[in-house]
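Enquirer: Structure provided below as structure tokens; questions to follow.
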Amino acid sequence: MKKIRSKLLLALTCSSCLLFSAMLPAQPSNDTLSISGPFEFTNLDPSQSGYIYTRMQIVETLVDVEADGTLKAGLATAWEISDDLLEWRFQLREQVLFHDGQLMDAASVANSLTRALEKHGPLSNAPIESIQTDADQVVIRLQQPYNLLPAVLANYANVILSPAAYLADGSVEQLLGTGPYQLSSFQPPHKLGVSRFDQYWGGKAAISHAEYLTGHRGESRVLQARSGQADIAFTLDPASLNMLNREQHVAVHSDLIPRTILLKINSGHPFLEPVEARQALSLALDRSGIARAVLRVPGSEANQLVPSSLGDWYLDDLPATTQDQQLALELLASLAWTPGPDGVLTRNDERFALTLITYADRPELTVVATAIQAQLAEIGIEVNVSITNSSAIPAGHQDGSLEMALIARNYGFIADPLGVMIADFGSEQGGDWGAMNWANAYVPTAIEQLKTETSAEIYRQTAQSIARQIAEELPLIPIAFYTQQTAVNQRVQNFRFDPFERSYFLSEMELSSK
């Protein structure tokens with residue numbers, strides 16, 4: 001029976017790969033760059049799917065981000081803040097055309113930001129009193145100081161669109177941006193095409209066409225890279241790297257990004273509410289083994305939420321994490337957990353059994369989840385792993401049903417990590433992708449103070465104290481710092497990776513003939 005099931009699973013997997021393969025042309029044409037990635041897009045609204053549209057360089061923001069996280073000019077060439085810290089003025093770039101031929105001006109920028117303010121997203125969390133215009137400047141007036149504003153304006157949800165892009169109710173009817181590429185075909189949730197916009201303010205791109213195809217299965221993207229049907233394949237399964245490294249026509253790029261694989265914990269669950277229980281789970285994990293054998297990136301094991309590149313939030317003096325099953329068992333014994341007949345811990349006739357959910361959009365998560373399941377079983381914790389859609393995690397947070405989830409959290413979602421910290425720890429209930437039912441009053445209060453802190457030294461001290469509380473009490477258990485694995489065909493020239501995942505830099509690349 002096992003052999004029959006294995007053959008059936010293999011057949012289904014191969015069928016999935018072939019279906020994905022059939023969605024692309026047999027080989028990309030000489031003037032078309034073909035990209036495959038794991039993420040779907042559902043509609044034209046940047047507040048929901050803007051991460052694809054900025055990466056494909058259809059749309060742009062007022063503020064851009066350097067590879068090291070430094071903010072730089074985008075559609076705004078400069079900005080200044082008033083002495084009372086309540087008024088921000090953004091000087092706009094001149095002679096910028098939307099894809100419908102209209103000239104970008106202060107009124108169109110203010111219109112886009114007002115539309116974004118009305119929708120769910122990071123701008124709606126900012127204390128904005130008004131968005132107005134003054135000649136060729138956009139003026140944002142705040143209710144209280146908020147030094148995160150330029151970083152928030154760099155987020156994909158706050159791109160600038162032509163007034164003609166919107167219907168009367170604010171919904172987006174056409175994706176009319178300012179980028180070097182314009183939308184040419186749109187087949188949600190899996191496929192879109194772009195063509196070069198020759199009137200782009202920053203100069204004409206070399207590649208005339210590009211297409212993006214969503215492929216959920218990592219093996220599907222590997223197949224595309226190996227066959228040459230995809231020029232660039234993002235977010236690859238680490239297990240496939242040795243195979244791809246043997247392909248002469250493919251180069252594999254490994255790039256560290258400000259993203260961390262984390263175990264999200266329901267700290268209000270009766271099994272997980274004591275900090276000793278969360279510490280025991282952390283001590284039971286062999287992160288070095290996961291980094292080396294599962295992720296194939298030795299040294300990527302994480303002892304805290306963010307990597308060293310996000311300096312203010314990184315604790316230099318935090319010791320490396322080590323697996324200590326004996327100490328984990330002692331902590332659990334102090335909470336009255338004892339081994340049952342089958343080795344699973346029990347207390348008051350309850351088994352220490354939990355469900356861990358994760359998602360396949362990032363293929364490494366499923367194999368890491370399996371490793372965590374096995375390692376926790378060694379100390380008597382029974383874990384049921386459920387592979388589902390990523391949307392199940394915020395849904396489980398909201399309805400209280402989530403017990404544990406394995407996630408890959410992007411701390412570069414907003415260029416300043418404070419933006420994500422606000423979302424994840426800014427209330428005592430926590431956030432959809434952050435803490436859950438964690439009883440800690442200091443952290444949300446301190447985060448609130450950072451919104452208006454102007455002293456760099458006090459900002460750093462407060463960020464460090466927040467990071468230390470999180471590291472000690474473990475509402476999220478860090479597993480590994482993230483390395484993005486990308487396969488690039490040899491015909492692609494000038495590829496570079498954006499660690500903040502805002503752009504694919506299509507306009508910088510060139511295609512050589514095959």
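Just remember, in the structure tokens the first chain shown is A, the second B, etc., residues are 1-based per chain, and ligands are 1-based in the order shown.
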Based on DSSP run over this structure's backbone, return all residues of region 181-280 of chain A in strand (DSSP E), as an MDAnalysis selection string.

Expert: chainID A and resid 181:187 191:196 209:214 232:233 250:265

Enquirer: Please tabulate, as JSON lines, the residues of region 214-310 of chain A that come within 7 Å of region 400-411 of chain A, each with its closest pair of atoms and the distance in Å to one decimal, counting only C-alpha atoms and ordering rows by chain, then residue number upward.

Expert:
{"residue": "A:Pro258", "atom": "CA", "partner": "A:Tyr411", "partner_atom": "CA", "distance": 5.5}
{"residue": "A:Arg259", "atom": "CA", "partner": "A:Asn410", "partner_atom": "CA", "distance": 4.2}
{"residue": "A:Thr260", "atom": "CA", "partner": "A:Arg409", "partner_atom": "CA", "distance": 5.4}
{"residue": "A:Ile261", "atom": "CA", "partner": "A:Ala408", "partner_atom": "CA", "distance": 4.3}
{"residue": "A:Leu262", "atom": "CA", "partner": "A:Ile407", "partner_atom": "CA", "distance": 5.4}
{"residue": "A:Leu263", "atom": "CA", "partner": "A:Leu406", "partner_atom": "CA", "distance": 4.7}
{"residue": "A:Lys264", "atom": "CA", "partner": "A:Ala405", "partner_atom": "CA", "distance": 5.0}
{"residue": "A:Ile265", "atom": "CA", "partner": "A:Met404", "partner_atom": "CA", "distance": 4.8}
{"residue": "A:Asn266", "atom": "CA", "partner": "A:Glu403", "partner_atom": "CA", "distance": 5.2}
{"residue": "A:His269", "atom": "CA", "partner": "A:Glu403", "partner_atom": "CA", "distance": 6.9}

Enquirer: Excluding Thr214 (chain A) and residues on its chain fewer than 5 positions from it, collect all residues at most 10 Å away from it, counting only C-alpha atoms, and give them as a PyMOL selection string.

Expert: chain A and resi 20+23+35-41+188-192+220-221+361

Enquirer: Let me see the file: selected residues, N, CA and C atoms, as a PDB file, in the first residue's frame.

Expert:
ATOM      1  N   PHE A  20       2.138  23.444 -14.412  1.00  0.00           N
ATOM      2  CA  PHE A  20       2.829  24.725 -14.251  1.00  0.00           C
ATOM      3  C   PHE A  20       3.693  25.011 -15.468  1.00  0.00           C
ATOM      4  N   MET A  23       2.019  26.402 -18.578  1.00  0.00           N
ATOM      5  CA  MET A  23       1.520  27.766 -18.540  1.00  0.00           C
ATOM      6  C   MET A  23       2.509  28.759 -19.127  1.00  0.00           C
ATOM      7  N   ILE A  35       9.928  35.075 -15.354  1.00  0.00           N
ATOM      8  CA  ILE A  35      10.183  34.964 -13.915  1.00  0.00           C
ATOM      9  C   ILE A  35       9.147  34.050 -13.292  1.00  0.00           C
ATOM     10  N   SER A  36       9.583  33.162 -12.419  1.00  0.00           N
ATOM     11  CA  SER A  36       8.636  32.356 -11.644  1.00  0.00           C
ATOM     12  C   SER A  36       8.877  32.584 -10.162  1.00  0.00           C
ATOM     13  N   GLY A  37       7.791  32.682  -9.415  1.00  0.00           N
ATOM     14  CA  GLY A  37       7.856  32.912  -7.977  1.00  0.00           C
ATOM     15  C   GLY A  37       6.673  32.269  -7.291  1.00  0.00           C
ATOM     16  N   PRO A  38       6.644  32.284  -5.959  1.00  0.00           N
ATOM     17  CA  PRO A  38       5.626  31.510  -5.249  1.00  0.00           C
ATOM     18  C   PRO A  38       4.346  32.257  -4.913  1.00  0.00           C
ATOM     19  N   PHE A  39       4.276  33.566  -5.147  1.00  0.00           N
ATOM     20  CA  PHE A  39       3.182  34.339  -4.567  1.00  0.00           C
ATOM     21  C   PHE A  39       2.124  34.734  -5.584  1.00  0.00           C
ATOM     22  N   GLU A  40       0.878  34.546  -5.177  1.00  0.00           N
ATOM     23  CA  GLU A  40      -0.262  34.917  -6.012  1.00  0.00           C
ATOM     24  C   GLU A  40      -0.560  36.404  -5.889  1.00  0.00           C
ATOM     25  N   PHE A  41      -1.318  36.917  -6.822  1.00  0.00           N
ATOM     26  CA  PHE A  41      -1.861  38.263  -6.760  1.00  0.00           C
ATOM     27  C   PHE A  41      -3.336  38.149  -7.111  1.00  0.00           C
ATOM     28  N   PRO A 188      -4.998  37.045 -13.061  1.00  0.00           N
ATOM     29  CA  PRO A 188      -4.882  36.636 -11.659  1.00  0.00           C
ATOM     30  C   PRO A 188      -5.499  35.261 -11.447  1.00  0.00           C
ATOM     31  N   PRO A 189      -4.977  34.483 -10.505  1.00  0.00           N
ATOM     32  CA  PRO A 189      -3.934  34.850  -9.544  1.00  0.00           C
ATOM     33  C   PRO A 189      -2.528  34.406  -9.947  1.00  0.00           C
ATOM     34  N   HIS A 190      -2.341  33.969 -11.204  1.00  0.00           N
ATOM     35  CA  HIS A 190      -1.097  33.277 -11.532  1.00  0.00           C
ATOM     36  C   HIS A 190      -0.166  33.958 -12.532  1.00  0.00           C
ATOM     37  N   LYS A 191      -0.665  34.804 -13.417  1.00  0.00           N
ATOM     38  CA  LYS A 191       0.201  35.245 -14.496  1.00  0.00           C
ATOM     39  C   LYS A 191      -0.052  36.700 -14.852  1.00  0.00           C
ATOM     40  N   LEU A 192       1.036  37.432 -15.062  1.00  0.00           N
ATOM     41  CA  LEU A 192       0.917  38.787 -15.594  1.00  0.00           C
ATOM     42  C   LEU A 192       2.114  39.075 -16.491  1.00  0.00           C
ATOM     43  N   SER A 220       8.254  22.744  -8.973  1.00  0.00           N
ATOM     44  CA  SER A 220       7.804  23.282 -10.251  1.00  0.00           C
ATOM     45  C   SER A 220       8.745  24.376 -10.725  1.00  0.00           C
ATOM     46  N   ARG A 221       9.153  25.239  -9.812  1.00  0.00           N
ATOM     47  CA  ARG A 221      10.060  26.320 -10.187  1.00  0.00           C
ATOM     48  C   ARG A 221      11.441  25.784 -10.551  1.00  0.00           C
ATOM     49  N   ASP A 361       4.028  28.266   0.413  1.00  0.00           N
ATOM     50  CA  ASP A 361       4.528  29.338  -0.453  1.00  0.00           C
ATOM     51  C   ASP A 361       6.042  29.442  -0.367  1.00  0.00           C
TER      52      ASP A 361
END

Enquirer: At a cut-off of 8 Å, using only C-alpha atoms, what residues contact Ile466 (chain A)? Leave out same-chain residues fewer than 3 positions from it and give the result as number ranges by chain.

Expert: A: 443, 446-447, 462-463, 469-470

Enquirer: Do a neighbour search on region 172-179 of chain A at 8 Å with only C-alpha atoms, toss out local chain neighbours closer than 4 positions, and write the hits as number ranges by chain.

Expert: A: 44-45, 57-60, 96-100, 159-162, 164-167, 183, 197, 200

Enquirer: Mind running region 154-229 of chain A against region 113-120 of chain A at 7 Å and telling me each contacting residue's nearest atom pair with the distance in Å (one decimal), counting only C-alpha atoms, chain and number ascending, as a Markdown table?

Expert:
| residue | atom | partner | partner_atom | distance |
| --- | --- | --- | --- | --- |
| A:Ala157 | CA | A:Ala116 | CA | 6.9 |
| A:Asn158 | CA | A:Ala116 | CA | 5.9 |
| A:Gly170 | CA | A:Arg115 | CA | 6.2 |

Enquirer: Next, dump the selected residues to file, keeping only N, CA and C atoms, as a compact mmCIF listing (two decimals), in the first residue's frame.

Expert:
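again33.txt, written as the output of this step:
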# COMPACT_ATOMS: atom_id res chain seq x y z
N ALA A 157 2.21 49.37 -0.55
CA ALA A 157 0.80 49.75 -0.53
C ALA A 157 0.61 51.23 -0.83
N ASN A 158 1.69 52.00 -0.80
CA ASN A 158 1.59 53.45 -0.94
C ASN A 158 2.21 53.95 -2.24
N GLY A 170 -12.84 54.61 -5.09
CA GLY A 170 -11.46 54.43 -4.65
C GLY A 170 -10.84 53.11 -5.06

Enquirer: Quick check, in Å to one decimal: how far apart do CA of Ala336 (chain A) and CA of Trp438 (chain A) lie?

Expert: 21.7 Å

Enquirer: Write out as a PyMOL selection string the residues lying within 8 Å of Tyr359 (chain A), counting only C-alpha atoms and excluding same-chain residues fewer than 3 positions away.

Expert: chain A and resi 362-363+365-366+387-390+407

Enquirer: Could you state the separation of CA of Ser513 (chain A) and CA of Gly203 (chain A) in Å, given to one decimal place?

Expert: 22.8 Å

Enquirer: Would you compute the distance between CA of Ala107 (chain A) and CA of Glu66 (chain A)? Give it in Å to one decimal.

Expert: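 These two atoms are separated by 27.2 Å.
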